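Here is the structure we will look at.
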Amino acid sequence: MEEKDWDDEECDDTPTMTTVSRHCFGDDSETPSFSISIIENMKEDYGLFVWPCSVVLAEYVWQQKHRFSGATVVELGAGTSLPGLVAAKLGARVTLTDNSTRLEVLDNMRRLCELNKLECNVLGLTWGVWDAPLFSLQPTLILGADVLYDSNAFDDLFATVTFLLRNSPGSIFITSYHNRSGHHLIEFLMGKWGLKCLKLLDGFSFLPSDKASLLSGNIQLAEIAPISKDNA
Ligand SMILES: C[S@@+](CC[C@H](N)C(=O)[O-])C[C@H]1O[C@@H](n2cnc3c(N)ncnc32)[C@H](O)[C@@H]1O
């Protein structure tokens with residue numbers, strides 16, 4: 001369930017086209033357990049817009065709520081951060097991250113935490129860059145919605161994901177992505193980085209019909225972990 005209230009503000013000669021969308025979560029769509037409000041800027045691309053993969057991953061987080069209560073969660077390329085904010089609402093300690101050069105995206109994340117009355121850590125984290133704060137992150141669950149969209153950045157993303165998974169034994173990376181050209185490149189890179197897919201789902205297989213009817217495409221959700229003696 002999603003509602004959008006347009007709030008076109010005048011800014012010089014062009015409207016900013018800021019909108020607040022509301023995303024509901026619950027077992028019964030008539031009486032949601034809670035909702036998350038997201039400030040979006042439709043003029044910007046990437047990090048200031050709720051991408052369909054984020055709706056899919058946020059719903060998965062809600063449905064897997066038993067794993068998130070008390071968990072330590074890092075969301076990569078979080079943008080408008082819907083999955084991470086749902087995890088925080090479920091009682092996880094959450095760090096929301098995005099490219100450290102995208103200050104407007106990081107500022108928007110802080111506003112979203114305030115708007116939803118949630119206390120999350122907000123951190124600039126660029127994939128493949130080894131800044132000091134990365135070394136203190138020990139997530140049990142790593143989230144990434146639509147972070148596998150530019151194949152030039154896949155290696156940097158997998159380098160960061162692999163570091164976090166190895167730095168926090170037992171942790172799992174849960175990602176939703178558009179399967180545009182088959183799973184082959186992702187499978188190849190998982191092998192290259194010593195990772196293994198534990199679960200692969202069609203994103204529409206668990207999405208309630210009211211949310212599914214607003215989305216299209218071939219969205220998959222994967223749970224990924226390091227190859228070890230236990231799961232080889
Ligand atoms: C397609 S958007 C997805 C945003 C959000 N997860 C969603 O699904 O609505 C990709 C996100 O990855 C971030 N991103 C892109 N390249 C990045 C990099 N090298 N390091 C960190 N974040 C990056 C972008 O700023 C953007 O927020």
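Every chain in the structure tokens takes a letter, A first, then B, and so on in the order presented; its residues are numbered from 1, and the ligands are numbered from 1 following the presented order.
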(request) Go through the chains and note each residue within 6 Å of ligand 1, using only C-alpha atoms and all ligand atoms, then give the set as a PyMOL selection string. (result) chain A and resi 46-47+49-51+53-54+77-80+98-99+125-127+145-147
With C-alpha atoms kept, could you save the residues just selected as a PDB file, in the first residue's frame?
ATOM      1  CA  TYR A  46      19.077   6.867  -7.782  1.00  0.00           C
ATOM      2  CA  GLY A  47      19.297   7.656  -4.079  1.00  0.00           C
ATOM      3  CA  PHE A  49      13.646   7.733  -5.108  1.00  0.00           C
ATOM      4  CA  VAL A  50      12.072   4.495  -3.751  1.00  0.00           C
ATOM      5  CA  TRP A  51      13.052   1.872  -6.322  1.00  0.00           C
ATOM      6  CA  CYS A  53      13.594  -3.509  -5.393  1.00  0.00           C
ATOM      7  CA  SER A  54      13.422  -1.544  -2.158  1.00  0.00           C
ATOM      8  CA  GLY A  77      23.420   1.895  -1.200  1.00  0.00           C
ATOM      9  CA  ALA A  78      20.392   2.560   0.968  1.00  0.00           C
ATOM     10  CA  GLY A  79      19.144   5.696  -0.817  1.00  0.00           C
ATOM     11  CA  THR A  80      15.690   6.318   0.641  1.00  0.00           C
ATOM     12  CA  ASP A  98      25.333   5.343   0.808  1.00  0.00           C
ATOM     13  CA  ASN A  99      28.121   6.706  -1.352  1.00  0.00           C
ATOM     14  CA  LEU A 125      30.260   4.175   2.731  1.00  0.00           C
ATOM     15  CA  THR A 126      31.499   3.933  -0.852  1.00  0.00           C
ATOM     16  CA  TRP A 127      31.862   0.389  -2.180  1.00  0.00           C
ATOM     17  CA  ALA A 145      18.127  -3.101  -2.654  1.00  0.00           C
ATOM     18  CA  ASP A 146      18.887  -2.455  -6.329  1.00  0.00           C
ATOM     19  CA  VAL A 147      22.624  -2.204  -5.716  1.00  0.00           C
TER      20      VAL A 147
END
(message) Neighbouring residues of region 101-114 of chain A were defined as those with any atom within 12 Å, considering only C-alpha atoms; residues of the same chain fewer than 4 positions away were excluded. Please report them as JSON, numbers by chain.
(response) {"A": [18, 20, 21, 22, 36, 37, 38, 39, 40, 41, 44, 45, 46, 47, 48, 49, 75, 76, 77, 78, 79, 80, 81, 82, 84, 85, 86, 88, 89, 94, 95, 96, 97, 118, 119, 120, 121, 122, 123, 124, 125, 126, 127, 129]}
Any chance you could export the current selection's C-alpha atoms as an mmCIF file, in the first residue's frame?
data_model
loop_
_atom_site.group_PDB
_atom_site.id
_atom_site.type_symbol
_atom_site.label_atom_id
_atom_site.label_comp_id
_atom_site.auth_asym_id
_atom_site.auth_seq_id
_atom_site.Cartn_x
_atom_site.Cartn_y
_atom_site.Cartn_z
ATOM 1 C CA THR A 18 9.403 16.678 -3.286
ATOM 2 C CA VAL A 20 6.249 11.938 0.820
ATOM 3 C CA SER A 21 5.184 8.357 0.172
ATOM 4 C CA ARG A 22 3.761 6.100 2.889
ATOM 5 C CA ILE A 36 7.151 4.192 7.064
ATOM 6 C CA SER A 37 7.108 7.634 5.418
ATOM 7 C CA ILE A 38 9.707 8.365 2.757
ATOM 8 C CA ILE A 39 10.695 11.794 1.437
ATOM 9 C CA GLU A 40 11.452 11.428 -2.276
ATOM 10 C CA ASN A 41 12.691 13.897 -4.838
ATOM 11 C CA GLU A 44 16.833 13.291 -8.786
ATOM 12 C CA ASP A 45 17.747 9.793 -9.800
ATOM 13 C CA TYR A 46 19.077 6.867 -7.782
ATOM 14 C CA GLY A 47 19.297 7.656 -4.079
ATOM 15 C CA LEU A 48 16.319 9.996 -3.670
ATOM 16 C CA PHE A 49 13.646 7.733 -5.108
ATOM 17 C CA GLU A 75 22.102 -1.286 4.517
ATOM 18 C CA LEU A 76 24.389 -0.603 1.527
ATOM 19 C CA GLY A 77 23.420 1.895 -1.200
ATOM 20 C CA ALA A 78 20.392 2.560 0.968
ATOM 21 C CA GLY A 79 19.144 5.696 -0.817
ATOM 22 C CA THR A 80 15.690 6.318 0.641
ATOM 23 C CA SER A 81 16.369 3.403 3.031
ATOM 24 C CA LEU A 82 12.948 1.702 3.192
ATOM 25 C CA GLY A 84 16.653 -0.464 6.753
ATOM 26 C CA LEU A 85 13.927 1.680 8.306
ATOM 27 C CA VAL A 86 11.602 -1.352 8.463
ATOM 28 C CA ALA A 88 14.830 -0.465 12.700
ATOM 29 C CA LYS A 89 11.087 -0.461 13.341
ATOM 30 C CA VAL A 94 20.649 -0.181 11.911
ATOM 31 C CA THR A 95 23.396 1.641 10.022
ATOM 32 C CA LEU A 96 22.141 3.233 6.794
ATOM 33 C CA THR A 97 24.912 3.852 4.260
ATOM 34 C CA LEU A 118 13.792 5.986 14.405
ATOM 35 C CA GLU A 119 17.368 6.123 15.663
ATOM 36 C CA CYS A 120 19.690 4.803 12.960
ATOM 37 C CA ASN A 121 23.348 5.452 12.364
ATOM 38 C CA VAL A 122 23.924 7.222 9.011
ATOM 39 C CA LEU A 123 27.304 6.659 7.368
ATOM 40 C CA GLY A 124 28.987 7.516 4.072
ATOM 41 C CA LEU A 125 30.260 4.175 2.731
ATOM 42 C CA THR A 126 31.499 3.933 -0.852
ATOM 43 C CA TRP A 127 31.862 0.389 -2.180
ATOM 44 C CA VAL A 129 36.787 2.139 -0.447
#
Enumerate the residues of region 20-214 of chain A with a DSSP assignment of strand (DSSP E), computed from the backbone, and present them as a tab-separated table (two decimals) with C-alpha atoms, in the first residue's frame.
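Saved result, result_18.tsv, follows:
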chain	number	residue	atom	x	y	z
A	20	VAL	CA	6.25	11.94	0.82
A	21	SER	CA	5.18	8.36	0.17
A	22	ARG	CA	3.76	6.10	2.89
A	23	HIS	CA	4.56	2.38	2.92
A	24	CYS	CA	2.45	0.08	5.08
A	25	PHE	CA	3.45	-3.23	6.63
A	34	PHE	CA	3.01	0.27	11.04
A	35	SER	CA	3.92	2.52	8.16
A	36	ILE	CA	7.15	4.19	7.06
A	37	SER	CA	7.11	7.63	5.42
A	38	ILE	CA	9.71	8.36	2.76
A	39	ILE	CA	10.69	11.79	1.44
A	40	GLU	CA	11.45	11.43	-2.28
A	41	ASN	CA	12.69	13.90	-4.84
A	72	THR	CA	22.73	-5.58	13.79
A	73	VAL	CA	21.95	-4.41	10.25
A	74	VAL	CA	23.92	-2.46	7.65
A	75	GLU	CA	22.10	-1.29	4.52
A	93	ARG	CA	20.33	-1.67	15.37
A	94	VAL	CA	20.65	-0.18	11.91
A	95	THR	CA	23.40	1.64	10.02
A	96	LEU	CA	22.14	3.23	6.79
A	97	THR	CA	24.91	3.85	4.26
A	98	ASP	CA	25.33	5.34	0.81
A	121	ASN	CA	23.35	5.45	12.36
A	122	VAL	CA	23.92	7.22	9.01
A	123	LEU	CA	27.30	6.66	7.37
A	124	GLY	CA	28.99	7.52	4.07
A	141	LEU	CA	22.49	-8.94	8.37
A	142	ILE	CA	23.51	-6.79	5.38
A	143	LEU	CA	20.80	-5.38	3.12
A	144	GLY	CA	21.09	-4.03	-0.43
A	145	ALA	CA	18.13	-3.10	-2.65
A	172	ILE	CA	24.24	-12.90	5.55
A	173	PHE	CA	23.82	-10.44	2.66
A	174	ILE	CA	20.21	-10.11	1.49
A	175	THR	CA	19.79	-8.32	-1.82
A	176	SER	CA	16.97	-7.67	-4.29
A	177	TYR	CA	17.79	-6.85	-7.89
A	178	HIS	CA	16.36	-6.67	-11.40
A	195	LEU	CA	30.43	-16.42	-1.83
A	196	LYS	CA	27.48	-18.70	-2.23
A	197	CYS	CA	23.75	-18.15	-2.78
A	198	LEU	CA	21.80	-19.72	0.09
A	199	LYS	CA	18.34	-18.77	-1.19
A	200	LEU	CA	17.01	-17.31	-4.46
A	201	LEU	CA	13.40	-16.13	-4.64
A	202	ASP	CA	11.15	-14.49	-7.20
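When DSSP is run on the backbone, the residues of region 100-150 of chain A that fall into helix (DSSP H, G or I) are Leu103, Glu104, Val105, Leu106, Asp107, Asn108, Met109, Arg110, Arg111, Leu112, Cys113, Glu114, Leu115, Ala132, Pro133, Leu134, Phe135 and Ser136 of chain A.
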(message) When you look at Phe158 (chain A) with a cut-off of 8 Å (counting only C-alpha atoms), what residues show up, excluding the ones that are within fewer than 6 positions of it in the same chain? I need them as a list of chain:residue names.
(response)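 Answer for this query is A:Leu189, A:Met190, A:Trp193.
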Write a file of the selected residues as a tab-separated table (two decimals), in the first residue's frame, keeping N, CA and C atoms.
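Written output follows (out14.tsv):
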chain	number	residue	atom	x	y	z
A	189	LEU	N	30.56	-13.77	-10.15
A	189	LEU	CA	31.23	-12.91	-9.16
A	189	LEU	C	31.16	-13.51	-7.75
A	190	MET	N	30.05	-14.18	-7.45
A	190	MET	CA	29.96	-14.84	-6.14
A	190	MET	C	31.06	-15.87	-6.01
A	193	TRP	N	34.44	-14.19	-5.49
A	193	TRP	CA	34.63	-13.61	-4.15
A	193	TRP	C	34.43	-14.63	-3.04
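One distance worth recording is that between CA of Gln138 (chain A) and CA of Ala92 (chain A), which is 13.0 Å.
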(request) Compare A:Ala159, A:Leu165, A:Leu90, A:Leu207 by their minimum atom-to-atom distance to Glu223 (chain A), counting only C-alpha atoms, and give me the closest one. (result)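 Smallest distance to Glu223 (chain A) is found for A:Leu165.
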(request) Rank nothing, just name the residue among A:Lys211, A:Phe204, A:Leu148, A:Gly194 nearest to Ser228 (chain A), using only C-alpha atoms. (result)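 Under the stated criterion, the closest residue is A:Gly194.
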